[in-house]
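Below is the file input_28.cif, which contains mmCIF, C-alpha atoms.
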```cif
data_query
loop_
_atom_site.label_atom_id
_atom_site.label_comp_id
_atom_site.auth_asym_id
_atom_site.auth_seq_id
_atom_site.Cartn_x
_atom_site.Cartn_y
_atom_site.Cartn_z
CA MET A 1 -25.47 -32.41 -35.35
CA LYS A 2 -26.06 -28.71 -35.83
CA LEU A 3 -23.23 -26.30 -35.26
CA ASN A 4 -23.36 -22.50 -35.15
CA GLU A 5 -21.48 -22.29 -38.42
CA ARG A 6 -22.11 -18.63 -39.10
CA SER A 7 -20.55 -17.74 -35.77
CA LEU A 8 -17.67 -20.07 -36.46
CA ALA A 9 -17.05 -18.39 -39.79
CA PHE A 10 -17.14 -15.02 -38.05
CA TYR A 11 -14.65 -16.21 -35.42
CA ALA A 12 -12.36 -17.45 -38.18
CA THR A 13 -12.33 -14.21 -40.11
CA CYS A 14 -12.67 -11.49 -37.48
CA ASP A 15 -9.61 -9.65 -36.28
CA SER A 16 -9.15 -11.43 -32.96
CA PRO A 17 -5.55 -12.65 -32.65
CA ALA A 18 -4.61 -15.79 -34.56
CA ASP A 19 -2.25 -18.15 -32.79
CA ASN A 20 -0.73 -19.18 -36.08
CA ALA A 21 -1.46 -18.68 -39.76
CA GLY A 22 0.10 -19.79 -43.00
CA PHE A 23 -0.06 -22.08 -46.00
CA LEU A 24 -0.04 -25.80 -45.38
CA TYR A 25 -0.61 -28.76 -47.64
CA LYS A 26 -3.47 -30.89 -46.49
CA ARG A 27 -3.82 -34.47 -47.59
CA GLY A 28 -7.28 -35.35 -48.78
CA GLU A 29 -9.43 -37.88 -46.99
CA ARG A 30 -10.11 -40.28 -49.83
CA HIS A 31 -7.39 -39.40 -52.26
CA THR A 32 -3.79 -38.97 -51.25
CA ALA A 33 -3.31 -35.77 -53.20
CA TYR A 34 -2.28 -32.74 -51.16
CA HIS A 35 -4.12 -29.46 -51.45
CA ARG A 36 -2.54 -26.16 -50.52
CA ARG A 37 -4.77 -24.29 -48.10
CA TRP A 38 -4.54 -21.17 -45.96
CA PHE A 39 -4.70 -22.23 -42.32
CA VAL A 40 -5.65 -20.05 -39.37
CA LEU A 41 -5.34 -21.28 -35.80
CA LYS A 42 -7.48 -19.57 -33.20
CA GLY A 43 -7.70 -21.10 -29.76
CA ASN A 44 -8.59 -24.77 -30.17
CA MET A 45 -9.98 -24.35 -33.68
CA LEU A 46 -7.93 -24.84 -36.82
CA PHE A 47 -9.68 -23.25 -39.77
CA TYR A 48 -8.67 -23.73 -43.37
CA PHE A 49 -9.50 -21.61 -46.37
CA GLU A 50 -9.23 -22.30 -50.07
CA GLU A 51 -7.36 -19.05 -50.56
CA ARG A 52 -5.86 -16.53 -48.18
CA GLU A 53 -8.44 -13.99 -49.26
CA SER A 54 -11.43 -16.33 -49.02
CA ARG A 55 -14.22 -14.88 -46.95
CA GLU A 56 -15.26 -18.13 -45.38
CA PRO A 57 -13.35 -21.20 -44.29
CA VAL A 58 -13.78 -24.42 -46.21
CA GLY A 59 -13.58 -26.29 -42.96
CA VAL A 60 -12.41 -26.44 -39.38
CA ILE A 61 -10.65 -29.02 -37.25
CA VAL A 62 -11.69 -28.98 -33.59
CA LEU A 63 -8.40 -29.68 -31.87
CA GLU A 64 -9.55 -30.60 -28.38
CA GLY A 65 -8.02 -33.89 -27.33
CA CYS A 66 -5.71 -34.32 -30.30
CA ASN A 67 -2.09 -35.40 -30.49
CA VAL A 68 0.33 -33.78 -32.86
CA GLU A 69 3.15 -35.89 -34.24
CA LEU A 70 5.76 -35.78 -36.91
CA CYS A 71 5.07 -38.38 -39.51
CA ASP A 72 6.71 -40.32 -42.22
CA SER A 73 5.51 -39.17 -45.54
CA ALA A 74 6.78 -38.76 -49.07
CA GLU A 75 6.04 -35.12 -48.48
CA ASP A 76 8.70 -33.05 -46.72
CA PHE A 77 7.96 -31.33 -43.41
CA ALA A 78 4.88 -33.44 -42.79
CA PHE A 79 3.11 -33.80 -39.46
CA ALA A 80 -0.13 -35.35 -38.31
CA ILE A 81 -3.03 -34.41 -36.09
CA ARG A 82 -4.39 -37.59 -34.51
CA PHE A 83 -7.37 -38.26 -32.31
CA GLY A 84 -8.03 -41.03 -29.83
CA GLY A 85 -11.08 -42.83 -31.20
CA THR A 86 -10.78 -46.00 -33.26
CA LYS A 87 -12.51 -44.65 -36.34
CA SER A 88 -11.21 -41.13 -36.12
CA ARG A 89 -9.49 -39.54 -39.03
CA THR A 90 -5.87 -38.49 -38.96
CA TYR A 91 -5.14 -35.19 -40.61
CA VAL A 92 -1.83 -35.16 -42.44
CA LEU A 93 -0.42 -31.75 -43.12
CA ALA A 94 2.82 -30.55 -44.62
CA ALA A 95 4.55 -27.24 -44.15
CA GLU A 96 6.74 -25.43 -46.65
CA SER A 97 9.86 -25.32 -44.49
CA GLN A 98 11.41 -26.91 -41.43
CA ALA A 99 10.87 -23.74 -39.43
CA ALA A 100 7.21 -23.53 -40.42
CA MET A 101 6.68 -27.17 -39.53
CA GLU A 102 8.22 -26.72 -36.09
CA SER A 103 6.20 -23.60 -35.47
CA TRP A 104 2.95 -25.36 -36.37
CA VAL A 105 3.70 -28.49 -34.35
CA LYS A 106 4.48 -26.33 -31.34
CA SER A 107 1.40 -24.15 -31.56
CA LEU A 108 -0.97 -27.03 -32.37
CA SER A 109 0.34 -29.08 -29.43
CA ARG A 110 -0.62 -26.31 -27.06
CA ALA A 111 -3.89 -25.37 -28.70
CA SER A 112 -6.34 -27.09 -26.40
CA PHE A 113 -8.71 -25.33 -24.06
CA ASP A 114 -7.60 -27.77 -21.36
CA TYR A 115 -3.99 -26.71 -21.71
CA MET A 116 -4.82 -23.01 -21.59
CA ARG A 117 -6.96 -23.59 -18.53
CA LEU A 118 -4.12 -25.46 -16.79
CA VAL A 119 -1.72 -22.58 -17.39
CA VAL A 120 -4.24 -19.98 -16.23
CA ARG A 121 -4.99 -21.88 -13.04
CA GLU A 122 -1.31 -22.26 -12.32
CA LEU A 123 -0.66 -18.53 -12.69
CA GLU A 124 -3.75 -17.67 -10.70
CA LYS A 125 -2.53 -19.88 -7.89
CA GLN A 126 0.96 -18.35 -8.01
CA LEU A 127 -0.45 -14.85 -7.86
CA GLN A 128 -2.75 -15.67 -4.95
CA GLU A 129 0.11 -17.22 -3.01
CA MET A 130 2.30 -14.21 -3.62
CA ARG A 131 -0.36 -11.77 -2.50
CA TRP A 132 -1.27 -13.74 0.58
CA GLY A 133 2.40 -14.01 1.42
CA LEU A 134 2.93 -10.25 1.18
CA ALA A 135 -0.17 -9.48 3.19
CA GLY A 136 1.17 -11.73 5.94
CA GLY A 137 -1.93 -13.85 5.80
CA CYS A 138 -1.94 -17.61 5.97
CA GLY A 139 -1.24 -19.02 2.55
CA GLY A 140 -2.61 -22.45 3.29
CA SER A 141 -0.78 -25.57 2.24
CA ARG A 142 -0.74 -26.18 -1.46
CA GLU A 143 1.34 -28.36 -3.68
CA SER A 144 4.36 -26.64 -5.12
CA PRO A 145 3.95 -25.11 -8.57
CA GLY A 146 6.82 -27.30 -9.70
CA ALA A 147 4.44 -30.25 -9.70
CA TRP A 148 2.73 -28.83 -12.77
CA LYS A 149 5.86 -28.87 -14.88
CA PRO A 150 5.65 -32.37 -16.37
CA LYS A 151 2.18 -31.75 -17.75
CA LEU A 152 3.02 -28.42 -19.27
CA LEU A 153 6.24 -29.55 -20.89
CA GLY A 154 4.68 -32.53 -22.63
CA LEU A 155 3.57 -32.21 -26.22
CA GLU A 156 0.50 -34.38 -25.74
CA GLN A 157 -2.81 -32.79 -25.03
CA SER A 158 -3.95 -33.25 -21.50
CA ARG A 159 -7.09 -35.33 -21.40
CA GLU A 160 -7.76 -34.58 -17.77
CA ARG A 161 -11.17 -33.29 -16.89
CA LEU A 162 -10.56 -30.49 -14.42
CA PRO A 163 -13.17 -29.17 -12.04
CA ALA A 164 -14.86 -25.93 -12.98
CA LEU A 165 -12.98 -22.67 -12.52
CA PRO A 166 -12.76 -21.51 -8.91
CA ALA A 167 -15.09 -18.76 -7.82
CA VAL A 168 -12.18 -16.40 -7.36
CA LEU A 169 -11.76 -14.63 -10.67
CA PRO A 170 -9.48 -11.76 -11.55
CA LYS A 171 -12.23 -9.26 -11.09
CA GLU A 172 -13.19 -10.47 -7.63
CA ASN A 173 -9.78 -11.36 -6.32
CA GLY A 174 -7.82 -8.31 -7.39
CA CYS A 175 -10.03 -5.64 -5.89
CA ALA A 176 -9.99 -6.98 -2.34
CA VAL A 177 -6.36 -8.01 -2.06
CA TRP A 178 -4.55 -5.04 -3.62
CA ASN A 179 -5.19 -2.89 -0.57
CA ASN A 180 -3.11 -5.26 1.54
CA VAL A 181 0.02 -5.13 -0.56
CA LEU A 182 2.94 -3.46 1.16
CA GLY A 183 3.60 0.08 0.06
CA VAL A 184 1.18 0.13 -2.83
CA ASP A 185 -1.05 3.11 -3.45
CA GLN A 186 -4.72 2.56 -3.02
CA ALA A 187 -6.15 0.65 -5.97
CA PRO A 188 -8.16 2.80 -8.34
CA ASP A 189 -11.92 2.84 -8.13
CA THR A 190 -13.08 -0.70 -8.61
CA SER A 191 -15.91 0.17 -10.95
CA GLY A 192 -13.69 -1.24 -13.66
CA CYS A 193 -13.91 -4.63 -11.99
CA GLY A 194 -17.52 -5.01 -12.85
CA GLY A 195 -16.92 -3.87 -16.37
CA HIS A 196 -17.64 -6.03 -19.33
CA ASP A 197 -16.38 -5.73 -22.83
CA ASP A 198 -18.63 -5.56 -25.87
CA GLU A 199 -19.17 -9.25 -25.81
CA GLY A 200 -20.55 -9.31 -22.29
CA ASN A 201 -17.53 -11.21 -21.00
CA PRO A 202 -16.04 -9.99 -17.71
CA ARG A 203 -13.00 -7.81 -18.19
CA PRO A 204 -9.94 -8.27 -15.94
CA PRO A 205 -9.75 -5.29 -13.59
CA PRO A 206 -7.59 -2.30 -14.53
CA LEU A 207 -3.98 -2.71 -13.43
CA PRO A 208 -3.38 -0.73 -10.24
CA PRO A 209 -0.50 1.75 -9.90
CA ARG A 210 2.42 -0.19 -8.53
CA ARG A 211 5.31 1.01 -6.52
CA ARG A 212 8.35 0.29 -8.67
CA VAL A 213 11.05 -1.78 -7.04
CA SER A 214 13.81 0.07 -8.83
CA ASN A 215 17.12 -1.32 -7.62
CA GLY A 216 18.70 -4.25 -9.44
CA GLU A 217 19.16 -6.15 -6.18
CA ALA A 218 15.47 -6.29 -5.63
CA ALA A 219 14.79 -7.42 -9.17
CA SER A 220 17.24 -10.28 -8.99
CA ALA A 221 15.89 -11.39 -5.63
CA GLY A 222 12.45 -11.53 -7.19
CA ALA A 223 13.80 -13.46 -10.14
CA ALA A 224 14.65 -16.41 -7.93
CA GLY A 225 11.09 -17.65 -8.28
CA VAL A 226 7.98 -17.78 -6.22
CA GLU A 227 7.72 -21.34 -5.02
CA GLY A 228 7.05 -21.86 -1.35
CA PRO A 229 7.77 -19.89 1.79
CA SER A 230 11.34 -19.06 0.82
CA ALA A 231 9.95 -16.74 -1.87
CA PHE A 232 7.98 -14.91 0.76
CA CYS A 233 11.07 -14.55 2.94
CA ARG A 234 13.03 -13.20 0.02
CA LEU A 235 10.37 -10.69 -0.89
CA HIS A 236 9.92 -9.74 2.75
CA GLU A 237 13.64 -9.15 3.15
CA GLN A 238 13.80 -7.22 -0.06
CA TYR A 239 11.03 -4.88 1.01
CA SER A 240 12.39 -4.45 4.52
CA ARG A 241 15.82 -3.54 3.14
CA GLU A 242 14.22 -0.92 1.00
CA MET A 243 12.12 0.35 3.87
CA ALA A 244 15.23 0.66 6.02
CA ARG A 245 16.98 2.57 3.28
CA LEU A 246 14.04 4.93 2.76
CA ARG A 247 13.78 5.52 6.49
CA GLN A 248 17.46 6.32 6.65
CA ASP A 249 17.12 8.81 3.78
CA TRP A 250 14.18 10.45 5.47
CA GLN A 251 16.01 10.75 8.77
CA GLN A 252 19.02 12.27 7.07
CA ARG A 253 16.85 14.81 5.34
CA ARG A 254 15.25 15.73 8.65
CA ARG A 255 18.62 16.35 10.21
CA GLY A 256 19.35 18.75 7.38
CA PRO A 257 21.94 18.76 4.62
CA ARG A 258 25.49 17.88 5.64
CA PRO A 259 28.25 20.36 4.91
CA MET B 260 -18.26 -25.75 -43.43
CA ARG B 261 -16.67 -29.12 -42.92
CA TYR B 262 -15.74 -30.14 -39.41
CA ASN B 263 -14.58 -33.27 -37.60
CA GLU B 264 -17.97 -34.33 -36.32
CA ARG B 265 -16.75 -37.58 -34.84
CA GLU B 266 -14.38 -35.76 -32.50
CA LEU B 267 -17.02 -33.22 -31.59
CA LEU B 268 -19.44 -36.03 -30.73
CA SER B 269 -16.73 -37.61 -28.64
CA LEU B 270 -16.23 -34.31 -26.84
CA ALA B 271 -19.97 -34.20 -26.12
CA ARG B 272 -19.62 -37.49 -24.24
CA GLN B 273 -16.86 -36.16 -21.96
CA PRO B 274 -17.62 -35.31 -18.33
CA ALA B 275 -19.07 -31.82 -18.39
CA GLU B 276 -18.10 -28.75 -16.42
CA LYS B 277 -21.80 -28.20 -16.02
CA ALA B 278 -24.87 -30.12 -17.13
CA ALA B 279 -28.55 -29.74 -16.42
CA GLU B 280 -32.00 -30.18 -17.85
CA ILE B 281 -33.05 -26.73 -18.95
CA ARG B 282 -35.84 -25.51 -21.17
CA MET B 283 -34.33 -24.01 -24.28
CA SER B 284 -35.40 -22.30 -27.48
CA VAL B 285 -33.44 -21.63 -30.65
CA PRO B 286 -33.56 -18.39 -32.65
CA LYS B 287 -35.93 -19.70 -35.27
CA LYS B 288 -39.35 -18.33 -36.09
CA GLY B 289 -42.04 -20.03 -34.06
CA SER B 290 -39.55 -21.76 -31.83
CA VAL B 291 -40.83 -22.70 -28.37
CA LEU B 292 -39.05 -23.63 -25.17
CA LYS B 293 -38.33 -27.34 -24.99
CA LYS B 294 -36.72 -29.39 -22.26
CA ARG B 295 -33.16 -30.23 -23.20
CA LEU B 296 -30.10 -31.69 -21.55
CA VAL B 297 -27.60 -28.87 -21.77
CA LYS B 298 -23.93 -29.68 -21.28
CA LEU B 299 -20.93 -27.38 -21.07
CA VAL B 300 -17.65 -28.96 -22.18
CA VAL B 301 -14.62 -26.69 -22.69
CA ASN B 302 -15.84 -23.89 -24.98
CA PHE B 303 -18.80 -25.81 -26.40
CA LEU B 304 -22.37 -25.92 -25.21
CA PHE B 305 -24.04 -29.15 -26.34
CA TYR B 306 -27.76 -29.69 -26.18
CA PHE B 307 -29.52 -33.05 -26.30
CA ARG B 308 -33.06 -34.34 -26.35
CA THR B 309 -33.33 -35.70 -22.83
CA ASP B 310 -33.50 -39.34 -23.90
CA GLU B 311 -30.89 -39.31 -26.64
CA ALA B 312 -27.17 -40.01 -26.52
CA GLU B 313 -26.19 -37.82 -29.44
CA PRO B 314 -26.59 -34.04 -29.21
CA ILE B 315 -28.99 -32.16 -31.46
CA GLY B 316 -26.49 -29.38 -31.68
CA ALA B 317 -23.44 -27.60 -30.37
CA LEU B 318 -22.62 -23.94 -29.85
CA LEU B 319 -19.02 -22.75 -29.93
CA LEU B 320 -18.91 -20.13 -27.19
CA GLU B 321 -16.48 -17.63 -28.73
CA HIS B 322 -17.44 -13.99 -29.30
CA CYS B 323 -20.80 -14.56 -27.70
CA ARG B 324 -22.84 -12.49 -25.31
CA ILE B 325 -24.45 -14.08 -22.27
CA THR B 326 -27.37 -11.98 -21.10
CA LYS B 327 -29.50 -12.31 -18.02
CA GLU B 328 -33.04 -11.86 -19.21
CA GLU B 329 -36.15 -12.00 -17.03
CA GLU B 330 -36.39 -14.15 -13.92
CA ASN B 331 -34.79 -17.61 -14.32
CA VAL B 332 -33.95 -16.84 -17.95
CA PHE B 333 -30.68 -16.13 -19.73
CA SER B 334 -29.78 -15.98 -23.39
CA ILE B 335 -26.80 -16.59 -25.60
CA SER B 336 -26.28 -14.55 -28.75
CA PHE B 337 -23.31 -14.04 -31.03
CA ILE B 338 -21.83 -10.65 -31.69
CA GLU B 339 -22.29 -10.74 -35.44
CA GLU B 340 -26.03 -11.45 -35.01
CA PRO B 341 -27.09 -10.03 -31.64
CA GLU B 342 -30.84 -10.36 -32.24
CA ARG B 343 -30.69 -14.10 -32.77
CA LYS B 344 -30.95 -15.46 -29.25
CA TYR B 345 -30.80 -18.92 -27.78
CA CYS B 346 -32.97 -18.70 -24.66
CA PHE B 347 -32.68 -20.82 -21.57
CA GLU B 348 -35.27 -21.01 -18.81
CA CYS B 349 -33.81 -22.43 -15.61
CA ALA B 350 -35.63 -24.01 -12.70
CA THR B 351 -34.45 -21.36 -10.24
CA GLU B 352 -32.87 -17.92 -10.29
CA GLU B 353 -29.84 -19.39 -8.54
CA GLN B 354 -29.32 -21.95 -11.26
CA CYS B 355 -29.69 -19.20 -13.82
CA GLN B 356 -26.96 -17.08 -12.19
CA GLU B 357 -24.63 -20.07 -11.96
CA TRP B 358 -24.99 -20.78 -15.66
CA VAL B 359 -24.48 -17.15 -16.61
CA GLU B 360 -21.24 -17.03 -14.62
CA ALA B 361 -20.00 -20.34 -15.95
CA LEU B 362 -20.76 -19.48 -19.58
CA LYS B 363 -19.11 -16.08 -19.38
CA ARG B 364 -15.87 -17.81 -18.44
CA ALA B 365 -16.22 -20.62 -20.94
CA SER B 366 -14.44 -19.13 -23.92
CA TYR B 367 -10.86 -19.60 -25.00
CA GLU B 368 -10.58 -15.87 -25.51
CA PHE B 369 -11.60 -15.24 -21.90
CA LEU B 370 -8.91 -17.66 -20.71
CA ARG B 371 -6.38 -15.92 -22.88
CA ARG B 372 -7.22 -12.53 -21.41
CA SER B 373 -7.02 -13.95 -17.88
CA LEU B 374 -3.64 -15.46 -18.61
CA ILE B 375 -2.24 -12.22 -19.96
CA PHE B 376 -3.56 -10.40 -16.91
CA TYR B 377 -1.99 -12.84 -14.42
CA ARG B 378 1.24 -12.94 -16.35
CA ASN B 379 1.48 -9.16 -16.20
CA GLU B 380 0.67 -9.03 -12.50
CA ILE B 381 3.25 -11.64 -11.59
CA GLN B 382 5.86 -10.02 -13.77
CA LYS B 383 5.29 -6.70 -12.06
CA MET B 384 5.60 -8.22 -8.62
CA THR B 385 8.61 -10.40 -9.23
CA GLY B 386 10.29 -8.88 -12.26
CA LYS B 387 10.18 -12.32 -13.80
CA ASP B 388 8.01 -13.78 -16.54
CA PRO B 389 6.15 -16.74 -14.98
CA LEU B 390 5.86 -18.50 -18.35
CA GLU B 391 9.62 -18.75 -18.83
CA GLN B 392 9.97 -21.80 -16.62
CA TYR B 393 7.55 -23.64 -18.91
CA GLY B 394 9.34 -22.58 -22.06
CA ILE B 395 6.24 -20.98 -23.52
CA SER B 396 6.87 -17.28 -23.03
CA GLU B 397 7.34 -16.66 -26.76
CA GLU B 398 4.22 -18.49 -27.87
CA ALA B 399 1.96 -16.22 -29.90
CA ARG B 400 -1.16 -17.09 -27.94
CA PHE B 401 0.25 -15.67 -24.70
CA GLN B 402 1.24 -12.27 -26.04
CA LEU B 403 -0.61 -9.08 -25.42
CA GLY B 404 -2.09 -7.81 -28.65
CA THR B 405 -0.86 -10.48 -31.06
CA PRO B 406 -1.19 -8.94 -34.51
CA ARG B 407 -3.45 -10.59 -37.05
CA GLN B 408 -1.45 -12.43 -39.67
#
```
Take the structure in this file and express it as structure tokens.
Amino acid sequence: MKLNERSLAFYATCDSPADNAGFLYKRGERHTAYHRRWFVLKGNMLFYFEERESREPVGVIVLEGCNVELCDSAEDFAFAIRFGGTKSRTYVLAAESQAAMESWVKSLSRASFDYMRLVVRELEKQLQEMRWGLAGGCGGSRESPGAWKPKLLGLEQSRERLPALPAVLPKENGCAVWNNVLGVDQAPDTSGCGGHDDEGNPRPPPLPPRRRVSNGEAASAGAAGVEGPSAFCRLHEQYSREMARLRQDWQQRRRGPRP
Amino acid sequence: MRYNERELLSLARQPAEKAAEIRMSVPKKGSVLKKRLVKLVVNFLFYFRTDEAEPIGALLLEHCRITKEEENVFSISFIEEPERKYCFECATEEQCQEWVEALKRASYEFLRRSLIFYRNEIQKMTGKDPLEQYGISEEARFQLGTPRQ
């Protein structure tokens, strides 16, 4: 099967953020000797280089659908990347310290596209619910965000096939709804919404100016979480308290300064 | 470059986000449009001969540019080689637009940017980091502007 290897090599070496990088020992496929390689994790691709300065990776492990486990090995700080199929290879890697091993196991466990998509959808849903709540519109009945917790906390990769992304993307959603948010200045010109970065991918819209909820009381009320209608009530109360206070200030100023 | 082909082939057999028979050409001299089964699974675009179970090839959709070309046609190129285009001729303009939209969102890097955006928005509205409840707020992949290591 052909693969766009040149593009893969570019992805591995360009300066887009790496999710983890460092030296790991990799056990060979046929022989049990370990080779020290420079590993770079980007998204769901784990690249490995002969040397840190090498210009091209020796290889890549596509991580989609894998499980990451600690494993018993003569080597210290060893862990394994396993796949589901019967004939699939298990990659045994070893870190150089306990901390490094834990860091790698953590980041590799969460490296799948599926997992990232789950988290994005969850946040998107939360944000939509918050905005609809503030605008006083009907939020519609949805399952509580708490239901997502078990999946996100697990170390195993989710094998679920999710439906395609909803039509409501940051660039479409944000422009329309911002105008409804209580007390917020008009969103800036939405020409940014249609913008694309150099790669032709849609850019999230520019962040609008937000009225700062400055008092500590408001911040702690917000910190209670955004699940369900109680969150809306809390936010509603918080804003109405502030509105009442502002109105009082304004009325006092109208009456003139007190002696 | 070595890669775990078996797992990639297994991925190609997964239910796709999008799949269709589309005429496609590769950026090779003398290449013509040929009918292929094109399948989008996570951030890979697989393409098959219409009667075969194993894909001819796979494209990792990171750092790529999806361009609407003439009617019914879009192309995929990669930023380090923008002139080398994979062209796709759809049956209808509508199908073409659907694929362009789907492919633009099909990269891990796009998801990451979306996540950072939503995280910021929610944090501004509530004063709380929405990732904290999942215990992942410190993960490198969710930070704005993670430095290259």
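The spacing separating CA of Phe23 in chain A from CA of Arg52 in chain A amounts to 8.3 Å.
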Which residues are close to Leu267 in chain B, i.e. within 9 Å by only C-alpha atoms, leaving aside same-chain residues fewer than 3 positions away? Reply as a ChimeraX atom specification. /A:62,64 /B:262-264,270-272,317
Dump as a PDB file, in the frame of the given file, selection limited to C-alpha atoms:
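Written file, result_14.pdb:
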```pdb
ATOM      1  CA  VAL A  62     -11.690 -28.980 -33.590  1.00  0.00           C
ATOM      2  CA  GLU A  64      -9.550 -30.600 -28.380  1.00  0.00           C
TER       3      GLU A  64
ATOM      4  CA  TYR B 262     -15.740 -30.140 -39.410  1.00  0.00           C
ATOM      5  CA  ASN B 263     -14.580 -33.270 -37.600  1.00  0.00           C
ATOM      6  CA  GLU B 264     -17.970 -34.330 -36.320  1.00  0.00           C
ATOM      7  CA  LEU B 270     -16.230 -34.310 -26.840  1.00  0.00           C
ATOM      8  CA  ALA B 271     -19.970 -34.200 -26.120  1.00  0.00           C
ATOM      9  CA  ARG B 272     -19.620 -37.490 -24.240  1.00  0.00           C
ATOM     10  CA  ALA B 317     -23.440 -27.600 -30.370  1.00  0.00           C
TER      11      ALA B 317
END
```
Given all atoms listed in the file as the basis, pick out the residue of B:Leu296, B:Leu390, B:Leu304, B:Met260 nearest to chain A. B:Met260
Report the residues retrieved by the PyMOL selection byres ((chain B and resi 370) around 10) from the displayed file, expressed as a VMD selection string. (chain A and resid 43 113 116 to 121) or (chain B and resid 364 to 369 371 to 376)
Could you tell me which residues the PyMOL selection byres ((chain A and resi 57) around 7) returns for this structure, as a PyMOL selection string? (chain A and resi 9+47-49+55-56+58-59) or (chain B and resi 260)
I'd like the interatomic distance between CA of Trp38 in chain A and CA of Ser109 in chain A, to a tenth of an Å. 19.0 Å
Selection near range 348-359 of chain B, 6 Å with only C-alpha atoms, sequence-local residues under 2 positions removed, as a VMD selection string: chain B and resid 281 to 282 331 to 332 361 to 362
Answer key for the PyMOL selection byres ((chain B) within 7 of (chain A)), residues as a compact mmCIF listing (two decimals) with C-alpha atoms, in the coordinates of the input:
```txt
# COMPACT_ATOMS: atom_id res chain seq x y z
CA MET B 260 -18.26 -25.75 -43.43
CA ARG B 261 -16.67 -29.12 -42.92
CA TYR B 262 -15.74 -30.14 -39.41
CA ASN B 263 -14.58 -33.27 -37.60
CA ARG B 265 -16.75 -37.58 -34.84
CA PRO B 274 -17.62 -35.31 -18.33
CA GLU B 276 -18.10 -28.75 -16.42
CA VAL B 301 -14.62 -26.69 -22.69
CA PRO B 314 -26.59 -34.04 -29.21
CA ILE B 315 -28.99 -32.16 -31.46
CA GLY B 316 -26.49 -29.38 -31.68
CA ALA B 317 -23.44 -27.60 -30.37
CA LEU B 318 -22.62 -23.94 -29.85
CA LEU B 319 -19.02 -22.75 -29.93
CA HIS B 322 -17.44 -13.99 -29.30
CA CYS B 323 -20.80 -14.56 -27.70
CA ARG B 324 -22.84 -12.49 -25.31
CA ILE B 325 -24.45 -14.08 -22.27
CA PHE B 337 -23.31 -14.04 -31.03
CA ILE B 338 -21.83 -10.65 -31.69
CA LYS B 363 -19.11 -16.08 -19.38
CA TYR B 367 -10.86 -19.60 -25.00
CA LEU B 370 -8.91 -17.66 -20.71
CA SER B 373 -7.02 -13.95 -17.88
CA LEU B 374 -3.64 -15.46 -18.61
CA PHE B 376 -3.56 -10.40 -16.91
CA TYR B 377 -1.99 -12.84 -14.42
CA ARG B 378 1.24 -12.94 -16.35
CA ILE B 381 3.25 -11.64 -11.59
CA THR B 385 8.61 -10.40 -9.23
CA GLY B 386 10.29 -8.88 -12.26
CA LYS B 387 10.18 -12.32 -13.80
CA TYR B 393 7.55 -23.64 -18.91
CA ALA B 399 1.96 -16.22 -29.90
CA ARG B 400 -1.16 -17.09 -27.94
CA THR B 405 -0.86 -10.48 -31.06
CA PRO B 406 -1.19 -8.94 -34.51
CA ARG B 407 -3.45 -10.59 -37.05
CA GLN B 408 -1.45 -12.43 -39.67
```
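In this model, the gap between CA of Val300 in chain B and CA of Lys287 in chain B comes to 24.3 Å.
Among B:Lys277, B:Lys383, B:Lys298, B:Lys344, the residue with the shortest atom-to-atom distance to Glu328 in chain B, counting all atoms listed in the file, is B:Lys344.
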For Ala33 in chain A, find every residue with an atom within 12 Å (counting only C-alpha atoms), except residues of its own chain fewer than 6 positions away, and show them as a count of residues only. 8
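Of the listed residues B:Tyr345, B:Lys293, B:Phe303, B:Glu266, the one whose atoms come nearest to Phe333 in chain B is B:Tyr345, with distances taken using only C-alpha atoms.
In this comparison, which uses all atoms listed in the file, the residue of B:Asp388, B:Glu340, B:Glu280, B:Glu360 approaching Gln402 in chain B most closely is B:Asp388.
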